[in-house]
file query-v2.pdb (PDB, C-alpha atoms and all ligand atoms)
MODEL        1
ATOM      1  CA  MET A   1       0.000   0.000   0.000
ATOM      2  CA  THR A   2       1.429   3.391  -0.888
ATOM      3  CA  GLY A   3       1.511   6.356   1.507
ATOM      4  CA  ARG A   4      -1.192   7.975  -0.603
ATOM      5  CA  ASP A   5      -3.630   5.086  -0.169
ATOM      6  CA  GLU A   6      -2.961   4.756   3.515
ATOM      7  CA  PHE A   7      -3.816   8.365   4.417
ATOM      8  CA  TYR A   8      -6.549   8.685   1.798
ATOM      9  CA  ASN A   9      -8.319   5.601   3.168
ATOM     10  CA  LYS A  10      -7.803   6.657   6.753
ATOM     11  CA  ALA A  11      -9.335  10.071   6.042
ATOM     12  CA  LYS A  12     -12.377   8.409   4.464
ATOM     13  CA  GLN A  13     -12.798   6.033   7.401
ATOM     14  CA  GLN A  14     -12.313   8.658  10.103
ATOM     15  CA  GLY A  15     -14.492  11.317   8.479
ATOM     16  CA  TYR A  16     -11.788  13.842   7.584
ATOM     17  CA  ARG A  17     -12.358  15.916   4.482
ATOM     18  CA  SER A  18      -8.807  15.502   3.222
ATOM     19  CA  ARG A  19      -5.757  13.354   3.740
ATOM     20  CA  ALA A  20      -4.001  16.641   4.582
ATOM     21  CA  ALA A  21      -5.666  16.416   8.025
ATOM     22  CA  TYR A  22      -2.955  13.922   9.001
ATOM     23  CA  LYS A  23      -0.208  16.377   8.083
ATOM     24  CA  LEU A  24      -1.488  18.876  10.640
ATOM     25  CA  LYS A  25      -1.822  16.089  13.215
ATOM     26  CA  GLN A  26       1.791  15.049  12.579
ATOM     27  CA  LEU A  27       3.084  18.650  12.637
ATOM     28  CA  ASP A  28       1.237  19.249  15.894
ATOM     29  CA  ASP A  29       2.572  16.010  17.423
ATOM     30  CA  LEU A  30       6.055  17.215  16.543
ATOM     31  CA  GLU A  31       5.902  20.767  17.871
ATOM     32  CA  ASN A  32       2.634  21.159  19.783
ATOM     33  CA  VAL A  33       1.347  24.204  17.936
ATOM     34  CA  ILE A  34      -2.374  24.044  18.912
ATOM     35  CA  SER A  35      -3.676  23.804  22.493
ATOM     36  CA  GLY A  36      -7.111  23.864  24.141
ATOM     37  CA  GLY A  37      -8.632  27.351  24.210
ATOM     38  CA  ASP A  38      -6.431  28.673  21.389
ATOM     39  CA  THR A  39      -7.480  31.045  18.632
ATOM     40  CA  VAL A  40      -6.158  29.615  15.357
ATOM     41  CA  VAL A  41      -6.088  31.058  11.831
ATOM     42  CA  ASP A  42      -5.998  28.427   9.042
ATOM     43  CA  LEU A  43      -4.975  29.831   5.637
ATOM     44  CA  GLY A  44      -5.786  27.831   2.493
ATOM     45  CA  ALA A  45      -8.312  25.850   4.528
ATOM     46  CA  ALA A  46     -10.546  24.241   1.865
ATOM     47  CA  PRO A  47     -11.921  21.611   1.810
ATOM     48  CA  GLY A  48     -11.434  21.636   5.585
ATOM     49  CA  GLY A  49      -9.299  18.734   6.847
ATOM     50  CA  TRP A  50      -6.995  21.046   8.846
ATOM     51  CA  LEU A  51     -10.073  22.943  10.063
ATOM     52  CA  GLN A  52     -11.534  19.737  11.506
ATOM     53  CA  VAL A  53      -8.256  18.864  13.257
ATOM     54  CA  ALA A  54      -7.756  22.422  14.541
ATOM     55  CA  ALA A  55     -11.371  22.627  15.811
ATOM     56  CA  GLU A  56     -10.895  19.335  17.684
ATOM     57  CA  LYS A  57      -7.651  20.518  19.242
ATOM     58  CA  VAL A  58      -8.790  23.994  20.366
ATOM     59  CA  GLY A  59     -11.764  22.420  22.181
ATOM     60  CA  PRO A  60     -14.988  24.173  23.221
ATOM     61  CA  GLN A  61     -13.180  27.265  24.540
ATOM     62  CA  GLY A  62     -11.180  27.843  21.361
ATOM     63  CA  SER A  63     -11.919  29.192  17.908
ATOM     64  CA  VAL A  64     -10.664  28.678  14.380
ATOM     65  CA  ILE A  65     -10.850  31.047  11.412
ATOM     66  CA  GLY A  66     -10.475  29.331   8.040
ATOM     67  CA  VAL A  67      -9.717  31.270   4.846
ATOM     68  CA  ASP A  68      -9.688  30.079   1.243
ATOM     69  CA  LEU A  69     -10.306  31.180  -2.327
ATOM     70  CA  GLN A  70     -12.842  28.347  -2.439
ATOM     71  CA  ARG A  71     -16.028  28.208  -0.425
ATOM     72  CA  ILE A  72     -15.635  25.981   2.627
ATOM     73  CA  LYS A  73     -18.740  23.983   3.553
ATOM     74  CA  ASP A  74     -19.789  24.133   7.214
ATOM     75  CA  LEU A  75     -18.404  21.263   9.261
ATOM     76  CA  GLU A  76     -20.951  18.464   9.693
ATOM     77  CA  ASP A  77     -20.224  18.044  13.413
ATOM     78  CA  GLU A  78     -22.218  20.791  15.153
ATOM     79  CA  ASP A  79     -19.861  21.130  18.128
ATOM     80  CA  LEU A  80     -16.874  21.604  15.835
ATOM     81  CA  ALA A  81     -18.800  23.883  13.465
ATOM     82  CA  ALA A  82     -19.649  26.189  16.387
ATOM     83  CA  ARG A  83     -15.914  26.916  16.872
ATOM     84  CA  VAL A  84     -15.227  27.662  13.211
ATOM     85  CA  GLU A  85     -15.708  30.784  11.120
ATOM     86  CA  THR A  86     -14.835  30.764   7.430
ATOM     87  CA  ILE A  87     -13.887  33.564   5.083
ATOM     88  CA  ARG A  88     -13.858  33.244   1.319
ATOM     89  CA  GLY A  89     -11.109  35.409  -0.108
ATOM     90  CA  ASP A  90      -7.670  35.725  -1.642
ATOM     91  CA  MET A  91      -4.887  36.075   0.932
ATOM     92  CA  THR A  92      -2.761  38.031  -1.541
ATOM     93  CA  GLN A  93      -5.394  40.808  -1.337
ATOM     94  CA  GLU A  94      -5.173  43.391   1.437
ATOM     95  CA  ARG A  95      -8.972  43.344   1.832
ATOM     96  CA  THR A  96      -8.976  39.647   2.721
ATOM     97  CA  ARG A  97      -6.159  40.131   5.226
ATOM     98  CA  GLU A  98      -8.169  42.935   6.837
ATOM     99  CA  ARG A  99     -11.210  40.674   7.127
ATOM    100  CA  VAL A 100      -9.087  38.028   8.824
ATOM    101  CA  VAL A 101      -7.674  40.571  11.283
ATOM    102  CA  GLU A 102     -11.214  41.788  12.035
ATOM    103  CA  ALA A 103     -12.519  38.242  12.547
ATOM    104  CA  ALA A 104      -9.625  37.539  14.916
ATOM    105  CA  GLY A 105     -10.499  40.591  16.993
ATOM    106  CA  GLY A 106      -7.640  42.854  15.909
ATOM    107  CA  THR A 107      -7.889  46.335  14.455
ATOM    108  CA  ALA A 108      -7.606  46.184  10.699
ATOM    109  CA  GLY A 109      -6.522  48.880   8.360
ATOM    110  CA  SER A 110      -3.758  50.490  10.366
ATOM    111  CA  ASP A 111      -0.204  50.697   9.048
ATOM    112  CA  THR A 112       1.041  50.167  12.556
ATOM    113  CA  ASP A 113      -0.647  46.757  13.099
ATOM    114  CA  GLU A 114       2.569  44.858  12.569
ATOM    115  CA  GLU A 115       4.553  47.299  14.683
ATOM    116  CA  SER A 116       2.102  47.181  17.577
ATOM    117  CA  ALA A 117       1.841  43.381  17.379
ATOM    118  CA  ALA A 118       5.652  43.272  17.496
ATOM    119  CA  ARG A 119       5.454  45.006  20.856
ATOM    120  CA  ASP A 120       2.285  43.801  22.544
ATOM    121  CA  GLY A 121       1.478  40.642  20.624
ATOM    122  CA  GLY A 122      -1.735  40.059  18.669
ATOM    123  CA  PRO A 123      -4.957  38.124  19.383
ATOM    124  CA  VAL A 124      -4.023  34.786  17.759
ATOM    125  CA  ASP A 125      -2.160  31.782  19.217
ATOM    126  CA  ALA A 126      -1.333  29.942  15.993
ATOM    127  CA  VAL A 127      -1.368  30.746  12.281
ATOM    128  CA  VAL A 128      -1.201  27.678  10.040
ATOM    129  CA  SER A 129      -0.972  27.868   6.256
ATOM    130  CA  ASP A 130      -1.375  24.995   3.815
ATOM    131  CA  MET A 131      -1.878  27.397   0.884
ATOM    132  CA  ALA A 132      -0.631  26.092  -2.441
ATOM    133  CA  PRO A 133      -0.876  27.504  -5.968
ATOM    134  CA  ASN A 134      -2.598  25.666  -8.795
ATOM    135  CA  VAL A 135       0.345  23.791 -10.217
ATOM    136  CA  SER A 136       1.321  24.582 -13.815
ATOM    137  CA  GLY A 137       3.841  21.766 -14.081
ATOM    138  CA  GLU A 138       6.714  24.219 -14.511
ATOM    139  CA  TYR A 139       8.468  23.744 -11.204
ATOM    140  CA  SER A 140      10.343  27.043 -10.933
ATOM    141  CA  LEU A 141       7.112  28.984 -11.530
ATOM    142  CA  ASP A 142       5.072  26.885  -9.097
ATOM    143  CA  GLN A 143       7.821  27.136  -6.503
ATOM    144  CA  ALA A 144       7.965  30.943  -6.797
ATOM    145  CA  ARG A 145       4.164  31.148  -6.420
ATOM    146  CA  SER A 146       4.257  28.868  -3.408
ATOM    147  CA  LEU A 147       6.926  31.031  -1.775
ATOM    148  CA  HIS A 148       4.867  34.145  -2.475
ATOM    149  CA  LEU A 149       1.862  32.586  -0.706
ATOM    150  CA  ALA A 150       4.104  31.520   2.191
ATOM    151  CA  ARG A 151       5.371  35.095   2.539
ATOM    152  CA  GLN A 152       1.794  36.421   2.586
ATOM    153  CA  ALA A 153       1.029  33.951   5.366
ATOM    154  CA  PHE A 154       4.135  35.109   7.249
ATOM    155  CA  GLU A 155       3.053  38.777   7.037
ATOM    156  CA  THR A 156      -0.384  37.824   8.316
ATOM    157  CA  ALA A 157       1.206  35.866  11.149
ATOM    158  CA  LEU A 158       3.300  38.889  12.156
ATOM    159  CA  GLU A 159       0.167  41.019  12.234
ATOM    160  CA  LEU A 160      -1.881  38.551  14.263
ATOM    161  CA  LEU A 161       0.277  36.366  16.481
ATOM    162  CA  ASP A 162       0.506  36.851  20.186
ATOM    163  CA  SER A 163       3.848  36.779  21.925
ATOM    164  CA  GLY A 164       4.869  33.098  22.135
ATOM    165  CA  GLY A 165       2.462  32.161  19.290
ATOM    166  CA  ASP A 166       3.359  29.594  16.628
ATOM    167  CA  PHE A 167       3.401  29.597  12.838
ATOM    168  CA  VAL A 168       3.237  26.657  10.421
ATOM    169  CA  VAL A 169       3.664  27.243   6.695
ATOM    170  CA  LYS A 170       3.878  25.041   3.634
ATOM    171  CA  VAL A 171       6.326  25.926   0.890
ATOM    172  CA  PHE A 172       7.603  24.067  -2.162
ATOM    173  CA  ASP A 173      11.293  23.525  -1.597
ATOM    174  CA  GLY A 174      13.713  25.617  -3.639
ATOM    175  CA  PRO A 175      16.661  27.959  -3.516
ATOM    176  CA  ASP A 176      14.904  30.938  -1.884
ATOM    177  CA  VAL A 177      13.531  28.931   0.990
ATOM    178  CA  ASP A 178      16.729  29.403   3.026
ATOM    179  CA  ALA A 179      16.280  33.192   2.919
ATOM    180  CA  PHE A 180      12.614  32.805   3.918
ATOM    181  CA  ARG A 181      13.612  30.568   6.805
ATOM    182  CA  ALA A 182      16.219  33.142   7.909
ATOM    183  CA  ASP A 183      13.438  35.779   8.026
ATOM    184  CA  LEU A 184      11.352  33.487  10.221
ATOM    185  CA  GLU A 185      14.318  32.887  12.498
ATOM    186  CA  GLU A 186      14.405  36.591  13.331
ATOM    187  CA  GLU A 187      10.813  36.492  14.573
ATOM    188  CA  PHE A 188      10.595  33.159  16.408
ATOM    189  CA  LYS A 189      12.560  31.464  19.181
ATOM    190  CA  TYR A 190      13.406  28.684  16.753
ATOM    191  CA  VAL A 191      12.368  27.360  13.351
ATOM    192  CA  ARG A 192      12.133  23.740  12.282
ATOM    193  CA  ALA A 193      11.709  22.390   8.730
ATOM    194  CA  THR A 194       9.958  19.058   8.291
ATOM    195  CA  SER A 195       8.128  16.831   5.783
ATOM    196  CA  PRO A 196       5.360  14.909   7.516
ATOM    197  CA  ASP A 197       4.913  11.218   6.599
ATOM    198  CA  ALA A 198       1.450  12.131   5.335
ATOM    199  CA  SER A 199       3.008  14.253   2.557
ATOM    200  CA  ARG A 200       3.159  12.262  -0.652
ATOM    201  CA  LYS A 201       6.578  10.723  -1.156
ATOM    202  CA  GLU A 202       7.067  12.437  -4.523
ATOM    203  CA  SER A 203       6.050  15.817  -3.101
ATOM    204  CA  SER A 204       8.578  18.633  -2.835
ATOM    205  CA  GLU A 205       6.582  20.404  -0.128
ATOM    206  CA  ILE A 206       8.130  21.156   3.221
ATOM    207  CA  TYR A 207       6.615  22.757   6.288
ATOM    208  CA  LEU A 208       8.422  25.370   8.320
ATOM    209  CA  ILE A 209       7.367  25.637  11.934
ATOM    210  CA  GLY A 210       8.188  28.902  13.742
ATOM    211  CA  LYS A 211       7.900  28.272  17.484
ATOM    212  CA  GLY A 212       7.371  31.051  19.984
ATOM    213  CA  ARG A 213       6.885  34.422  18.349
ATOM    214  CA  ILE A 214       9.272  36.933  19.877
ATOM    215  CA  THR A 215       7.958  40.350  20.816
ATOM    216  CA  ALA A 216       9.876  43.291  22.244
ATOM    217  CA  PRO A 217       8.867  44.842  25.584
ATOM    218  CA  LEU A 218       9.675  48.335  24.220
ATOM    219  CA  ALA A 219       8.563  50.595  21.395
ATOM    220  CA  LYS A 220      10.377  53.150  19.257
ATOM    221  CA  GLY A 221      10.360  56.529  21.035
ATOM    222  CA  ASP A 222      10.123  55.106  24.581
ATOM    223  CA  GLU A 223      12.374  56.886  27.087
ATOM    224  CA  LEU A 224      13.595  54.975  30.098
ATOM    225  CA  GLU A 225      16.438  54.632  32.562
ATOM    226  CA  VAL A 226      18.587  51.543  32.074
ATOM    227  CA  GLU A 227      21.693  50.028  33.576
ATOM    228  CA  ILE A 228      24.461  49.089  31.166
ATOM    229  CA  VAL A 229      25.353  45.519  32.051
ATOM    230  CA  ASP A 230      27.774  44.573  29.280
ATOM    231  CA  VAL A 231      29.633  45.845  26.214
ATOM    232  CA  GLY A 232      29.091  44.300  22.744
ATOM    233  CA  ASN A 233      31.701  43.399  20.101
ATOM    234  CA  GLU A 234      31.250  46.783  18.410
ATOM    235  CA  GLY A 235      31.891  48.636  21.664
ATOM    236  CA  ASP A 236      28.250  49.616  22.351
ATOM    237  CA  GLY A 237      26.931  49.285  25.871
ATOM    238  CA  ILE A 238      24.205  46.661  26.379
ATOM    239  CA  ALA A 239      21.255  47.087  28.723
ATOM    240  CA  SER A 240      18.793  44.298  29.524
ATOM    241  CA  VAL A 241      15.088  45.191  29.754
ATOM    242  CA  GLU A 242      13.024  42.154  30.866
ATOM    243  CA  GLY A 243      15.696  40.012  29.206
ATOM    244  CA  TYR A 244      15.526  42.059  25.968
ATOM    245  CA  ARG A 245      18.910  43.446  24.824
ATOM    246  CA  LEU A 246      19.152  47.139  24.079
ATOM    247  CA  PHE A 247      22.359  48.457  22.492
ATOM    248  CA  VAL A 248      23.361  51.948  23.644
ATOM    249  CA  PRO A 249      26.422  53.575  22.011
ATOM    250  CA  ALA A 250      28.804  55.714  24.085
ATOM    251  CA  THR A 251      28.076  53.982  27.379
ATOM    252  CA  GLU A 252      30.096  51.723  29.637
ATOM    253  CA  ALA A 253      29.272  48.753  31.811
ATOM    254  CA  GLY A 254      28.098  49.810  35.257
ATOM    255  CA  GLU A 255      26.594  53.151  34.142
ATOM    256  CA  THR A 256      22.920  53.988  34.679
ATOM    257  CA  VAL A 257      21.697  56.157  31.797
ATOM    258  CA  THR A 258      18.458  57.585  30.400
ATOM    259  CA  VAL A 259      17.884  56.482  26.809
ATOM    260  CA  ARG A 260      15.429  56.941  23.954
ATOM    261  CA  VAL A 261      14.595  53.827  21.891
ATOM    262  CA  GLU A 262      15.499  54.409  18.224
ATOM    263  CA  ASP A 263      14.934  51.026  16.568
ATOM    264  CA  ILE A 264      13.245  47.790  17.596
ATOM    265  CA  LYS A 265      13.959  44.290  16.243
ATOM    266  CA  PRO A 266      12.252  41.212  17.697
ATOM    267  CA  ASN A 267      15.448  40.059  19.459
ATOM    268  CA  PHE A 268      17.189  43.334  20.257
ATOM    269  CA  GLY A 269      16.932  47.096  19.876
ATOM    270  CA  PHE A 270      18.995  50.262  19.648
ATOM    271  CA  ALA A 271      18.748  53.352  21.850
ATOM    272  CA  GLN A 272      20.561  56.675  22.249
ATOM    273  CA  ARG A 273      21.384  58.109  25.629
ATOM    274  CA  VAL A 274      19.501  61.360  26.205
ATOM    275  CA  ASP A 275      20.886  62.355  29.618
ATOM    276  CA  ARG A 276      23.726  64.267  27.934
ATOM    277  CA  GLU A 277      21.599  66.148  25.370
TER     278      GLU A 277
HETATM  279  C1  LIG B   1      -3.578  21.856  -0.220
HETATM  280  S1  LIG B   1      -5.042  22.785  -0.212
HETATM  281  C2  LIG B   1      -5.415  22.932   1.500
HETATM  282  C3  LIG B   1      -5.953  21.691   2.145
HETATM  283  C4  LIG B   1      -6.473  21.936   3.547
HETATM  284  N1  LIG B   1      -5.382  22.258   4.466
HETATM  285  C5  LIG B   1      -7.217  20.771   4.092
HETATM  286  O1  LIG B   1      -6.738  20.152   5.048
HETATM  287  O2  LIG B   1      -8.319  20.463   3.605
HETATM  288  C6  LIG B   1      -4.477  24.393  -0.636
HETATM  289  C7  LIG B   1      -5.538  25.467  -0.618
HETATM  290  O3  LIG B   1      -4.917  26.749  -0.751
HETATM  291  C8  LIG B   1      -5.878  27.597  -1.335
HETATM  292  N2  LIG B   1      -5.257  28.835  -1.819
HETATM  293  C9  LIG B   1      -4.343  28.981  -2.808
HETATM  294  N3  LIG B   1      -4.053  30.280  -3.019
HETATM  295  C10 LIG B   1      -4.781  30.984  -2.115
HETATM  296  C11 LIG B   1      -4.923  32.371  -1.834
HETATM  297  N4  LIG B   1      -4.251  33.293  -2.548
HETATM  298  N5  LIG B   1      -5.767  32.755  -0.849
HETATM  299  C12 LIG B   1      -6.474  31.818  -0.150
HETATM  300  N6  LIG B   1      -6.376  30.490  -0.363
HETATM  301  C13 LIG B   1      -5.553  30.071  -1.348
HETATM  302  C14 LIG B   1      -6.472  26.730  -2.444
HETATM  303  O4  LIG B   1      -7.720  27.227  -2.869
HETATM  304  C15 LIG B   1      -6.536  25.362  -1.764
HETATM  305  O5  LIG B   1      -7.839  25.119  -1.273
ENDMDL
END
call {"tool": "encode", "arguments": {"input": "query-v2.pdb", "output": "structure tokens"}}
result
Amino acid sequence: MTGRDEFYNKAKQQGYRSRAAYKLKQLDDLENVISGGDTVVDLGAAPGGWLQVAAEKVGPQGSVIGVDLQRIKDLEDEDLAARVETIRGDMTQERTRERVVEAAGGTAGSDTDEESAARDGGPVDAVVSDMAPNVSGEYSLDQARSLHLARQAFETALELLDSGGDFVVKVFDGPDVDAFRADLEEEFKYVRATSPDASRKESSEIYLIGKGRITAPLAKGDELEVEIVDVGNEGDGIASVEGYRLFVPATEAGETVTVRVEDIKPNFGFAQRVDRE
């Protein structure tokens, strides 16, 4: 029996809408991305296999928002259906992304969504994307389209994910995937690449799992007093704010200085001392 038959038959027997349901189960077994009570956004959700699995895992206190170009039929199981909201739309369109943010309880339409989520975290615990383009058969084209969809999912995740939230994204493997992974690594505690057993053997798809979205405890423009606890390789002083590293030029270890935050990255930031202005 091939892998295809095994998961296809299992899905039929167990009432899942797609064999893909087992991929999400395997990804979740590996990295525990969905817990009871979570709010989950499922991108590229039709026909709904991942939606069924996600709705089971979030339990009665959780909720799942599924988005697809195709219409997604309501789940047959009433308990699961009550936890699921679906949106029909194209995730490459800003309007669809706004509808998803609204459904998740965020404030859509502001340019600062991503910036504020980078500081305070957003309303969502996990964003999972199984989006895939219609394949043309020309691999380099399909791969580029798949990466484009994965990047759209990543932007949505940055807008929506709470601090500590997780991201799962499918992408067809190819040369630019390393750069995409490096971008994820800046935003999450760690990133893992995997091909679940339920993926067809001949498939070139991989899933990247970003675990633990990192958010900064500070925002650009904040002024605060910090103690310089160390000096970096470039000679800048380093302060620690709730474990977050802030680089402050022209300071020395042991000094207490007032600084203004100039730039914020997920892992570290830059500030200028203002007590000498
Ligand atoms: C592999 S299927 C998803 C299967 C699903 N995870 C399941 O378990 O049933 C990929 C889906 O991505 C959707 N998709 C592709 N491009 C999209 C886009 N721009 N916006 C929203 N959905 C998209 C397709 O319509 C398709 O339903």
call {"tool": "axis_aligned_box", "arguments": {"input": "query-v2.pdb", "around": "ligand LIG 1 (chain B)", "padding_each_side": "4 Å", "output": "lines of an AutoDock Vina configuration file"}}
result
center_x = -5.9
center_y = 26.7
center_z = 1.0
size_x = 12.7
size_y = 21.1
size_z = 16.1
call {"tool": "residues_near_ligand", "arguments": {"input": "query-v2.pdb", "ligand": "ligand LIG 1 (chain B)", "cutoff": "8 Å", "atoms": "all atoms listed in the file", "output": "number ranges by chain"}}
result
A: 17-21, 24, 42-51, 67-70, 88-93, 129-134, 149
call {"tool": "residues_around", "arguments": {"input": "query-v2.pdb", "residues": "A:Ser146", "least_positions_apart": "6", "cutoff": "12 Å", "atoms": "only C-alpha atoms", "output": "list of chain:residue names"}}
result
A:Gly44, A:Thr92, A:Ser129, A:Asp130, A:Met131, A:Ala132, A:Pro133, A:Asn134, A:Val135, A:Ser136, A:Tyr139, A:Ser140, A:Gln152, A:Ala153, A:Val169, A:Lys170, A:Val171, A:Phe172, A:Asp173, A:Gly174, A:Asp176, A:Val177, A:Phe180, A:Ser204, A:Glu205, A:Ile206, A:Tyr207
call {"tool": "resolve_selection", "arguments": {"input": "query-v2.pdb", "expression": "the PyMOL selection byres (((chain A and resi 200) around 12) and not hetatm)", "output": "PyMOL selection string"}}
result
chain A and resi 2-8+19-20+22-23+195-199+201-206
call {"tool": "resolve_selection", "arguments": {"input": "query-v2.pdb", "expression": "the PyMOL selection byres (((chain A and resi 189) around 6) and not hetatm)", "output": "CSV table (one decimal) with C-alpha atoms, in the coordinates of the input"}}
result
chain,number,residue,atom,x,y,z
A,188,PHE,CA,10.6,33.2,16.4
A,190,TYR,CA,13.4,28.7,16.8
A,211,LYS,CA,7.9,28.3,17.5
A,212,GLY,CA,7.4,31.1,20.0
call {"tool": "closest_residue", "arguments": {"input": "query-v2.pdb", "among": "A:Gly254, A:Gly137, A:Gly210, A:Gly269", "to": "A:Asp166", "atoms": "only C-alpha atoms"}}
result
A:Gly210
call {"tool": "atom_distance", "arguments": {"input": "query-v2.pdb", "atom1": "atom CA of A:Glu242", "atom2": "atom CA of A:Asp162"}}
result
17.3 Å
call {"tool": "resolve_selection", "arguments": {"input": "query-v2.pdb", "expression": "the PyMOL selection byres (((chain A and resi 209) around 6) and not hetatm)", "output": "VMD selection string"}}
result
chain A and resid 167 to 168 191 to 192 208 210
call {"tool": "atom_distance", "arguments": {"input": "query-v2.pdb", "atom1": "atom CA of A:Ala193", "atom2": "atom CA of A:Arg71"}}
result
29.8 Å
call {"tool": "closest_residue", "arguments": {"input": "query-v2.pdb", "among": "A:Asn9, A:Thr86, A:Gln26, A:Thr39", "to": "A:Pro123", "atoms": "all atoms listed in the file"}}
result
A:Thr39
call {"tool": "closest_residue", "arguments": {"input": "query-v2.pdb", "among": "A:Lys10, A:Arg95, A:Lys57, A:Arg213", "to": "A:Asp125", "atoms": "all atoms listed in the file"}}
result
A:Arg213
call {"tool": "closest_residue", "arguments": {"input": "query-v2.pdb", "among": "A:Ile72, A:Leu141, A:Ile264, A:Ala104", "to": "A:Glu159", "atoms": "all atoms listed in the file"}}
result
A:Ala104
call {"tool": "atom_distance", "arguments": {"input": "query-v2.pdb", "atom1": "atom CA of A:Leu147", "atom2": "atom CA of A:Ala11"}}
result
27.7 Å
call {"tool": "closest_residue", "arguments": {"input": "query-v2.pdb", "among": "A:Leu184, A:Val40, A:Leu27, A:Val274", "to": "A:Glu155", "atoms": "only C-alpha atoms"}}
result
A:Leu184
